[in-house]
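Colleague: What follows is the file entry.pdb, containing PDB, C-alpha atoms:
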```pdb
ATOM      1  CA  MET A 259       0.000   0.000   0.000
ATOM      2  CA  PRO A 260       1.560   3.322  -1.030
ATOM      3  CA  VAL A 261       2.158   5.956   1.616
ATOM      4  CA  ILE A 262       0.250   9.181   0.925
ATOM      5  CA  VAL A 263       2.555  12.149   1.390
ATOM      6  CA  LEU A 264       1.011  15.421   0.248
ATOM      7  CA  GLU A 265       2.912  18.672   0.198
ATOM      8  CA  ALA A 266       1.798  22.226  -0.518
ATOM      9  CA  ARG A 267       3.586  22.204  -3.878
ATOM     10  CA  ASP A 268       1.426  19.257  -5.007
ATOM     11  CA  PHE A 269      -1.598  21.571  -4.993
ATOM     12  CA  THR A 270       0.147  24.283  -6.984
ATOM     13  CA  SER A 271       1.727  22.139  -9.696
ATOM     14  CA  PRO A 272       0.665  22.838 -13.300
ATOM     15  CA  LEU A 273      -0.949  19.402 -13.698
ATOM     16  CA  PHE A 274      -3.014  19.793 -10.526
ATOM     17  CA  LEU A 275      -4.214  23.242 -11.595
ATOM     18  CA  VAL A 276      -5.137  22.322 -15.177
ATOM     19  CA  ARG A 277      -6.929  19.132 -14.103
ATOM     20  CA  THR A 278      -8.902  21.105 -11.530
ATOM     21  CA  TRP A 279      -9.740  23.548 -14.312
ATOM     22  CA  GLU A 280     -10.880  20.678 -16.540
ATOM     23  CA  VAL A 281     -13.151  19.199 -13.874
ATOM     24  CA  LEU A 282     -14.766  22.525 -13.006
ATOM     25  CA  SER A 283     -15.258  23.747 -16.574
ATOM     26  CA  SER A 284     -16.607  20.437 -17.924
ATOM     27  CA  CYS A 285     -18.995  20.125 -14.963
ATOM     28  CA  THR A 286     -20.171  23.686 -15.566
ATOM     29  CA  THR A 287     -20.664  23.003 -19.265
ATOM     30  CA  PHE A 288     -22.879  19.941 -19.053
ATOM     31  CA  SER A 289     -24.787  21.421 -16.115
ATOM     32  CA  LEU A 290     -25.657  24.497 -18.176
ATOM     33  CA  VAL A 291     -26.636  22.399 -21.201
ATOM     34  CA  ALA A 292     -28.785  20.114 -19.034
ATOM     35  CA  SER A 293     -30.637  23.153 -17.703
ATOM     36  CA  LEU A 294     -31.537  24.424 -21.170
ATOM     37  CA  GLU A 295     -35.218  24.375 -22.038
ATOM     38  CA  HIS A 296     -36.259  22.351 -25.097
ATOM     39  CA  HIS A 297     -37.690  24.615 -27.728
ATOM     40  CA  PRO A 298     -39.751  23.338 -30.659
ATOM     41  CA  VAL A 299     -37.618  23.163 -33.761
ATOM     42  CA  SER A 300     -38.272  22.307 -37.370
ATOM     43  CA  ASN A 301     -35.873  19.367 -37.354
ATOM     44  CA  VAL A 302     -35.834  17.754 -33.944
ATOM     45  CA  SER A 303     -33.571  14.799 -34.733
ATOM     46  CA  LEU A 304     -30.609  16.925 -35.815
ATOM     47  CA  PRO A 305     -30.169  18.942 -32.611
ATOM     48  CA  ASN A 306     -30.958  15.938 -30.398
ATOM     49  CA  THR A 307     -28.357  13.697 -32.052
ATOM     50  CA  PHE A 308     -25.536  16.174 -31.695
ATOM     51  CA  ARG A 309     -26.785  17.334 -28.289
ATOM     52  CA  VAL A 310     -26.325  13.771 -27.017
ATOM     53  CA  PHE A 311     -22.885  13.663 -28.644
ATOM     54  CA  CYS A 312     -21.818  16.870 -26.888
ATOM     55  CA  MET A 313     -23.268  15.829 -23.530
ATOM     56  CA  PHE A 314     -21.547  12.446 -23.728
ATOM     57  CA  THR A 315     -18.230  14.146 -24.512
ATOM     58  CA  TRP A 316     -18.403  16.530 -21.552
ATOM     59  CA  CYS A 317     -19.712  13.937 -19.072
ATOM     60  CA  PHE A 318     -17.314  11.185 -20.146
ATOM     61  CA  PHE A 319     -14.180  13.301 -19.896
ATOM     62  CA  PHE A 320     -15.392  14.923 -16.676
ATOM     63  CA  THR A 321     -15.694  11.465 -15.095
ATOM     64  CA  LEU A 322     -12.403  10.222 -16.496
ATOM     65  CA  THR A 323     -10.492  13.358 -15.530
ATOM     66  CA  LEU A 324     -11.974  13.362 -12.029
ATOM     67  CA  LEU A 325     -10.825   9.769 -11.497
ATOM     68  CA  ILE A 326      -7.339  10.567 -12.789
ATOM     69  CA  HIS A 327      -7.231  13.676 -10.599
ATOM     70  CA  ILE A 328      -8.219  11.772  -7.460
ATOM     71  CA  LEU A 329      -5.806   8.900  -8.119
ATOM     72  CA  SER A 330      -2.978  11.359  -8.728
ATOM     73  CA  VAL A 331      -3.651  13.254  -5.503
ATOM     74  CA  ILE A 332      -3.889  10.159  -3.286
ATOM     75  CA  GLN A 333      -1.024   8.518  -5.216
ATOM     76  CA  PHE A 334      -2.868   5.267  -5.872
ATOM     77  CA  HIS A 335      -2.206   5.226  -9.614
ATOM     78  CA  SER A 336       0.684   2.792  -9.127
ATOM     79  CA  LEU A 337      -1.855   0.149  -8.052
ATOM     80  CA  ILE A 338      -3.662   0.257 -11.403
ATOM     81  CA  PRO A 339      -2.356  -2.335 -13.905
ATOM     82  CA  ILE A 340      -2.137   0.109 -16.801
ATOM     83  CA  SER A 341       0.466   2.466 -18.224
ATOM     84  CA  TRP A 342      -0.303   5.647 -16.291
ATOM     85  CA  LYS A 343       1.799   7.992 -18.430
ATOM     86  CA  ASN A 344       0.161   6.708 -21.617
ATOM     87  CA  LEU A 345      -3.307   6.953 -20.057
ATOM     88  CA  THR A 346      -2.918  10.560 -18.926
ATOM     89  CA  MET A 347      -1.496  11.612 -22.289
ATOM     90  CA  THR A 348      -4.312   9.863 -24.166
ATOM     91  CA  VAL A 349      -7.045  11.416 -22.022
ATOM     92  CA  ALA A 350      -5.516  14.901 -22.296
ATOM     93  CA  VAL A 351      -5.049  14.918 -26.088
ATOM     94  CA  LEU A 352      -8.277  13.072 -26.896
ATOM     95  CA  GLY A 353     -10.149  15.289 -24.448
ATOM     96  CA  ALA A 354      -8.802  18.385 -26.190
ATOM     97  CA  LEU A 355      -9.857  17.093 -29.612
ATOM     98  CA  MET A 356     -13.298  15.930 -28.480
ATOM     99  CA  CYS A 357     -13.998  19.158 -26.579
ATOM    100  CA  LEU A 358     -12.902  21.134 -29.621
ATOM    101  CA  SER A 359     -15.485  19.239 -31.665
ATOM    102  CA  ALA A 360     -18.165  19.829 -29.036
ATOM    103  CA  SER A 361     -17.253  23.526 -28.870
ATOM    104  CA  VAL A 362     -17.785  23.806 -32.632
ATOM    105  CA  VAL A 363     -20.817  21.523 -32.914
ATOM    106  CA  PHE A 364     -22.785  22.977 -30.003
ATOM    107  CA  PRO A 365     -22.935  26.634 -31.173
ATOM    108  CA  TRP A 366     -23.075  25.911 -34.904
ATOM    109  CA  ILE A 367     -25.682  23.141 -35.071
ATOM    110  CA  ILE A 368     -27.591  23.197 -31.791
ATOM    111  CA  ILE A 369     -27.868  26.916 -31.030
ATOM    112  CA  ASN A 370     -28.680  27.683 -34.685
ATOM    113  CA  HIS A 371     -31.713  25.354 -34.436
ATOM    114  CA  GLN A 372     -32.944  26.803 -31.159
ATOM    115  CA  ARG A 373     -33.557  30.240 -29.697
ATOM    116  CA  PRO A 374     -30.274  31.484 -28.158
ATOM    117  CA  SER A 375     -30.423  32.015 -24.412
ATOM    118  CA  PRO A 376     -27.938  33.207 -21.788
ATOM    119  CA  HIS A 377     -27.480  29.611 -20.619
ATOM    120  CA  SER A 378     -26.638  28.399 -24.119
ATOM    121  CA  VAL A 379     -24.101  31.194 -24.624
ATOM    122  CA  LEU A 380     -22.500  30.468 -21.245
ATOM    123  CA  ALA A 381     -22.426  26.752 -22.079
ATOM    124  CA  ALA A 382     -20.621  27.485 -25.357
ATOM    125  CA  VAL A 383     -18.074  29.655 -23.525
ATOM    126  CA  ALA A 384     -17.580  27.002 -20.823
ATOM    127  CA  SER A 385     -17.030  24.355 -23.507
ATOM    128  CA  CYS A 386     -14.319  26.503 -25.086
ATOM    129  CA  LEU A 387     -12.690  26.891 -21.666
ATOM    130  CA  THR A 388     -12.788  23.115 -21.254
ATOM    131  CA  PHE A 389     -11.024  22.727 -24.584
ATOM    132  CA  LEU A 390      -8.360  25.222 -23.483
ATOM    133  CA  ALA A 391      -7.910  23.315 -20.215
ATOM    134  CA  TYR A 392      -7.278  19.990 -21.972
ATOM    135  CA  THR A 393      -5.001  21.723 -24.457
ATOM    136  CA  SER A 394      -3.008  23.169 -21.559
ATOM    137  CA  GLU A 395      -2.636  19.732 -19.968
ATOM    138  CA  SER A 396      -1.518  18.293 -23.310
ATOM    139  CA  TYR A 397       1.127  21.003 -23.565
ATOM    140  CA  VAL A 398       2.325  20.368 -20.002
ATOM    141  CA  LEU A 399       2.597  16.625 -20.612
ATOM    142  CA  CYS A 400       4.302  17.033 -23.987
ATOM    143  CA  SER A 401       6.869  19.367 -22.446
ATOM    144  CA  GLN A 402       8.033  16.598 -20.105
ATOM    145  CA  ALA A 403      10.921  14.261 -20.842
ATOM    146  CA  HIS A 404      10.322  11.473 -23.348
ATOM    147  CA  GLU A 405      10.478   8.799 -20.638
ATOM    148  CA  GLN A 406       7.673  10.519 -18.723
ATOM    149  CA  ARG A 407       5.448  11.020 -21.794
ATOM    150  CA  GLY A 408       5.416   7.389 -22.888
ATOM    151  CA  TYR A 409       4.569   6.087 -26.341
ATOM    152  CA  MET A 410       1.360   8.119 -26.663
ATOM    153  CA  GLY A 411       3.391  11.308 -26.299
ATOM    154  CA  SER A 412       5.403  10.506 -29.419
ATOM    155  CA  MET A 413       4.298  11.458 -32.911
ATOM    156  CA  PRO A 414       2.963   7.946 -33.776
ATOM    157  CA  GLY A 415       1.044   7.907 -30.504
ATOM    158  CA  LEU A 416      -0.503  11.321 -31.141
ATOM    159  CA  LEU A 417      -1.494  10.192 -34.636
ATOM    160  CA  LYS A 418      -3.298   7.185 -33.160
ATOM    161  CA  ILE A 419      -5.239   9.495 -30.856
ATOM    162  CA  LEU A 420      -6.168  11.589 -33.889
ATOM    163  CA  GLN A 421      -7.363   8.441 -35.664
ATOM    164  CA  LEU A 422      -9.579   7.512 -32.721
ATOM    165  CA  TRP A 423     -10.958  11.056 -32.651
ATOM    166  CA  GLY A 424     -11.871  10.810 -36.338
ATOM    167  CA  GLY A 425     -13.736   7.582 -35.728
ATOM    168  CA  CYS A 426     -15.648   9.095 -32.803
ATOM    169  CA  GLN A 427     -16.782  12.013 -34.970
ATOM    170  CA  MET A 428     -18.298   9.591 -37.460
ATOM    171  CA  VAL A 429     -20.740   8.141 -34.910
ATOM    172  CA  PRO A 430     -23.236  11.066 -34.854
ATOM    173  CA  LEU A 431     -22.681  11.730 -38.569
ATOM    174  CA  PHE A 432     -23.497   8.112 -39.403
ATOM    175  CA  ALA A 433     -26.560   8.218 -37.140
ATOM    176  CA  GLU A 434     -27.861  11.259 -39.027
ATOM    177  CA  ALA A 435     -27.108   9.663 -42.395
ATOM    178  CA  VAL A 436     -29.163   6.594 -41.439
ATOM    179  CA  ARG A 437     -32.053   8.825 -40.282
ATOM    180  CA  ASN A 438     -32.097  10.677 -43.595
ATOM    181  CA  GLY A 439     -32.200   7.565 -45.752
ATOM    182  CA  GLU A 440     -30.883   4.044 -46.176
ATOM    183  CA  SER A 441     -28.522   3.319 -49.044
ATOM    184  CA  TRP A 442     -25.192   1.661 -49.611
ATOM    185  CA  GLN A 443     -23.531   5.094 -49.486
ATOM    186  CA  GLN A 444     -24.461   5.334 -45.803
ATOM    187  CA  TRP A 445     -23.915   1.757 -44.693
ATOM    188  CA  VAL A 446     -20.620   1.040 -46.457
ATOM    189  CA  PRO A 447     -18.766   4.025 -44.935
ATOM    190  CA  GLY A 448     -20.396   3.261 -41.584
ATOM    191  CA  PHE A 449     -19.003  -0.278 -41.708
ATOM    192  CA  LEU A 450     -15.557   1.021 -42.680
ATOM    193  CA  TYR A 451     -15.569   3.568 -39.849
ATOM    194  CA  GLY A 452     -16.615   0.865 -37.404
ATOM    195  CA  VAL A 453     -13.722  -1.393 -38.412
ATOM    196  CA  CYS A 454     -11.247   1.466 -38.012
ATOM    197  CA  VAL A 455     -12.634   2.444 -34.596
ATOM    198  CA  LEU A 456     -12.351  -1.172 -33.481
ATOM    199  CA  MET A 457      -8.724  -1.297 -34.627
ATOM    200  CA  SER A 458      -7.994   1.956 -32.781
ATOM    201  CA  LEU A 459      -9.568   0.643 -29.588
ATOM    202  CA  VAL A 460      -7.577  -2.599 -29.798
ATOM    203  CA  THR A 461      -4.385  -0.595 -30.286
ATOM    204  CA  MET A 462      -5.215   1.623 -27.308
ATOM    205  CA  VAL A 463      -5.898  -1.397 -25.079
ATOM    206  CA  VAL A 464      -2.608  -3.016 -26.056
ATOM    207  CA  ILE A 465      -0.626   0.176 -25.417
ATOM    208  CA  LEU A 466      -2.378   1.230 -22.202
ATOM    209  CA  GLY A 467      -2.287  -2.298 -20.809
ATOM    210  CA  ASP A 468       1.365  -2.860 -21.749
ATOM    211  CA  PHE A 469       0.391  -5.966 -23.713
ATOM    212  CA  ALA A 470       2.807  -5.312 -26.576
ATOM    213  CA  GLY A 471       5.122  -8.125 -25.474
ATOM    214  CA  GLN A 472       2.234 -10.620 -25.458
ATOM    215  CA  CYS A 473       1.160 -10.091 -29.077
ATOM    216  CA  LEU A 474       1.483 -13.036 -31.446
ATOM    217  CA  LEU A 475       3.132 -10.759 -34.017
ATOM    218  CA  PRO A 476       5.843  -8.173 -33.323
ATOM    219  CA  PHE A 477       4.121  -5.024 -32.156
ATOM    220  CA  ASP A 478       5.663  -2.805 -34.847
ATOM    221  CA  ARG A 479       4.320  -5.084 -37.589
ATOM    222  CA  PHE A 480       0.978  -5.161 -35.815
ATOM    223  CA  LEU A 481       0.787  -1.360 -35.918
ATOM    224  CA  ALA A 482       1.965  -1.193 -39.533
ATOM    225  CA  ALA A 483      -0.747  -3.632 -40.616
ATOM    226  CA  PHE A 484      -3.462  -1.645 -38.825
ATOM    227  CA  SER A 485      -2.201   1.595 -40.370
ATOM    228  CA  LEU A 486      -2.249   0.086 -43.862
ATOM    229  CA  ILE A 487      -5.779  -1.232 -43.390
ATOM    230  CA  GLY A 488      -6.869   2.174 -42.067
ATOM    231  CA  VAL A 489      -5.414   3.956 -45.108
ATOM    232  CA  LEU A 490      -7.218   1.637 -47.531
ATOM    233  CA  LEU A 491     -10.565   1.812 -45.724
ATOM    234  CA  TYR A 492     -10.533   5.588 -45.323
ATOM    235  CA  MET A 493      -9.538   6.016 -48.968
ATOM    236  CA  VAL A 494     -12.703   4.165 -49.956
ATOM    237  CA  ALA A 495     -14.813   6.143 -47.453
ATOM    238  CA  THR A 496     -13.391   9.482 -48.625
ATOM    239  CA  VAL A 497     -14.127   8.682 -52.270
ATOM    240  CA  ILE A 498     -17.710   7.767 -51.338
ATOM    241  CA  CYS A 499     -18.063  11.065 -49.434
ATOM    242  CA  PHE A 500     -16.934  13.114 -52.433
ATOM    243  CA  THR A 501     -19.339  11.118 -54.605
ATOM    244  CA  LYS A 502     -22.218  11.955 -52.269
ATOM    245  CA  ILE A 503     -21.366  15.655 -52.423
ATOM    246  CA  LEU A 504     -21.470  15.634 -56.227
ATOM    247  CA  GLN A 505     -24.753  13.716 -56.279
ATOM    248  CA  LEU A 506     -26.411  16.067 -53.766
ATOM    249  CA  ARG A 507     -25.345  19.106 -55.778
ATOM    250  CA  GLU A 508     -26.631  17.611 -59.035
ATOM    251  CA  LYS A 509     -30.007  16.746 -57.475
ATOM    252  CA  GLY A 510     -30.250  20.090 -55.680
ATOM    253  CA  HIS A 511     -30.597  18.460 -52.241
ATOM    254  CA  LEU A 512     -28.679  21.009 -50.192
ATOM    255  CA  ASP A 513     -30.345  20.290 -46.836
ATOM    256  CA  ASN A 514     -27.928  17.514 -45.869
ATOM    257  CA  LEU A 515     -24.933  18.900 -47.751
ATOM    258  CA  ASP A 516     -23.390  20.433 -44.614
ATOM    259  CA  LEU A 517     -23.260  17.082 -42.828
ATOM    260  CA  VAL A 518     -21.709  15.356 -45.837
ATOM    261  CA  VAL A 519     -19.085  18.104 -46.115
ATOM    262  CA  ILE A 520     -18.244  17.703 -42.423
ATOM    263  CA  GLU A 521     -17.966  13.944 -42.879
ATOM    264  CA  THR A 522     -15.669  14.442 -45.873
ATOM    265  CA  VAL A 523     -13.407  16.846 -43.982
ATOM    266  CA  VAL A 524     -13.136  14.532 -40.952
ATOM    267  CA  ALA A 525     -12.533  11.507 -43.196
ATOM    268  CA  SER A 526      -9.795  13.380 -45.055
ATOM    269  CA  ILE A 527      -8.076  14.435 -41.810
ATOM    270  CA  THR A 528      -8.245  10.875 -40.486
ATOM    271  CA  LEU A 529      -6.935   9.496 -43.786
ATOM    272  CA  LEU A 530      -3.990  11.879 -43.542
ATOM    273  CA  ALA A 531      -3.333  10.703 -39.964
ATOM    274  CA  TYR A 532      -3.336   7.047 -41.054
ATOM    275  CA  THR A 533      -1.053   7.829 -44.004
ATOM    276  CA  VAL A 534       1.543   9.647 -41.890
ATOM    277  CA  ASP A 535       1.293   6.915 -39.240
ATOM    278  CA  LEU A 536       1.918   4.289 -41.918
ATOM    279  CA  ALA A 537       5.008   6.196 -43.040
ATOM    280  CA  PHE A 538       6.330   6.208 -39.454
ATOM    281  CA  ALA A 539       5.601   2.478 -39.121
ATOM    282  CA  ILE A 540       7.401   1.633 -42.366
ATOM    283  CA  LYS A 541      10.393   3.759 -41.327
ATOM    284  CA  LEU A 542      10.524   1.953 -37.990
ATOM    285  CA  LEU A 543      10.437  -1.452 -39.686
ATOM    286  CA  CYS A 544      13.194  -0.455 -42.099
ATOM    287  CA  ASP A 545      15.388   0.882 -39.297
ATOM    288  CA  ARG A 546      15.029  -2.332 -37.303
ATOM    289  CA  ASN A 547      15.781  -4.497 -40.343
ATOM    290  CA  HIS A 548      19.023  -2.576 -40.940
ATOM    291  CA  THR A 549      20.196  -2.957 -37.347
TER     292      THR A 549
END
```
Go ahead and express the file in the form of structure tokens.
Modeller:
Amino acid sequence: MPVIVLEARDFTSPLFLVRTWEVLSSCTTFSLVASLEHHPVSNVSLPNTFRVFCMFTWCFFFTLTLLIHILSVIQFHSLIPISWKNLTMTVAVLGALMCLSASVVFPWIIINHQRPSPHSVLAAVASCLTFLAYTSESYVLCSQAHEQRGYMGSMPGLLKILQLWGGCQMVPLFAEAVRNGESWQQWVPGFLYGVCVLMSLVTMVVILGDFAGQCLLPFDRFLAAFSLIGVLLYMVATVICFTKILQLREKGHLDNLDLVVIETVVASITLLAYTVDLAFAIKLLCDRNHT
């Protein structure tokens, strides 16, 4: 059992301050959004889908950050059978990306479909502050020595977090695409996104659980194979997205064009992340073969 020794400097360290900031701002954000009154809108499904996405983002990272904060203060994180430095880096960077998405989605899609109120404006501001808090923690962690950052603090690790973020963004977009109509252009990309999210989650579990040495294949080849599959699948999904944009413009259906454009942009960013990650993986394999 670890001995808890708390000093005054522990409560004034940058990590303690930014994590306290994250907990307070995220709690404030979802509390304000939960208190908003539901106003009748012309398209109820659109705001509700992305409202749930935003609420899940704020609540999930509030809970996760609070647990990390408590375990860090009482110094019990050494009892958890996971890589603590990789976990904190993953939560900080992914939290920054997800809160950035929520800070853009909430004002642009939700407030535009409802009557703006002081609570909604304050919620948007609090969400932006939450994003800044997670960005600050990411900067603090990335400024540490390489041994303290872990694998997720390296460029390949950050790219894998970006890949997981891209997959998470596709969940509400796919849900809206299914609501608006069923066709192979919705289900095929949805299947491809699901496969990529599953691969990202498996990679995260292996890294956070320090299971790399227990893989049947060498871990570097394992990552290279996942990156190659991700590049191929997102290439197909991106082509389908561009095809949908052209078809919607030809038919004059501009109502859902914004969502398809967002999906195309996110798919392109994620494809770029997989491509750069594949380049890093190939370079790593070549370097090890030469040594």
Colleague: Report, in Å with one decimal, the straight-line distance from atom CA of A:Ser375 to atom CA of A:Leu294.
Modeller: 8.3 Å
Colleague: Write out as a tab-separated table the residues of stretch 297-357 of chain A that have any atom within 12 Å of an atom of stretch 462-483 of chain A, one row each with the nearest atom pair and its distance in Å to one decimal, counting only C-alpha atoms, sorted by chain and then rising number.
Modeller:
```
residue	atom	partner	partner_atom	distance
A:Ile338	CA	A:Gly467	CA	9.8
A:Pro339	CA	A:Gly467	CA	6.9
A:Ile340	CA	A:Gly467	CA	4.7
A:Ser341	CA	A:Leu466	CA	5.0
A:Trp342	CA	A:Leu466	CA	7.7
A:Lys343	CA	A:Leu466	CA	8.8
A:Asn344	CA	A:Leu466	CA	6.1
A:Leu345	CA	A:Leu466	CA	6.2
A:Thr346	CA	A:Leu466	CA	9.9
A:Met347	CA	A:Leu466	CA	10.4
A:Thr348	CA	A:Met462	CA	8.9
A:Val349	CA	A:Leu466	CA	11.2
A:Leu352	CA	A:Met462	CA	11.9
```
Colleague: Please compute the atom CA of A:Leu390-atom CA of A:Ile332 distance, one decimal, in Å.
Modeller: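 Result for atom CA of A:Leu390 versus atom CA of A:Ile332: 25.6 Å, one decimal.
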Colleague: Which of these, A:Ser526, A:Ser271, A:Thr323, A:Gln406, has the shortest distance to A:Ser283 once you count only C-alpha atoms?
Modeller: A:Thr323
Colleague: To one decimal place in Å, what is the distance between atom CA of A:Val497 and atom CA of A:Tyr451?
Modeller: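 One can read the atom CA of A:Val497 to atom CA of A:Tyr451 distance as 13.5 Å.
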Colleague: Enumerate, as number ranges by chain, the protein, DNA and RNA residues whose atoms approach (-14.8, -0.2, -36.9) to within 12 Å, taking into account only C-alpha atoms and the coordinate frame of the file.
Modeller: A: 421-422, 424-426, 428-429, 446-460, 484, 487-488, 491-492
Colleague: Counting all atoms listed in the file, which residue out of A:Trp423, A:Asn547, A:Arg437, A:Thr501 sits closest to A:Thr528?
Modeller: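 Among A:Trp423, A:Asn547, A:Arg437, A:Thr501, it is A:Trp423 that comes nearest to A:Thr528.
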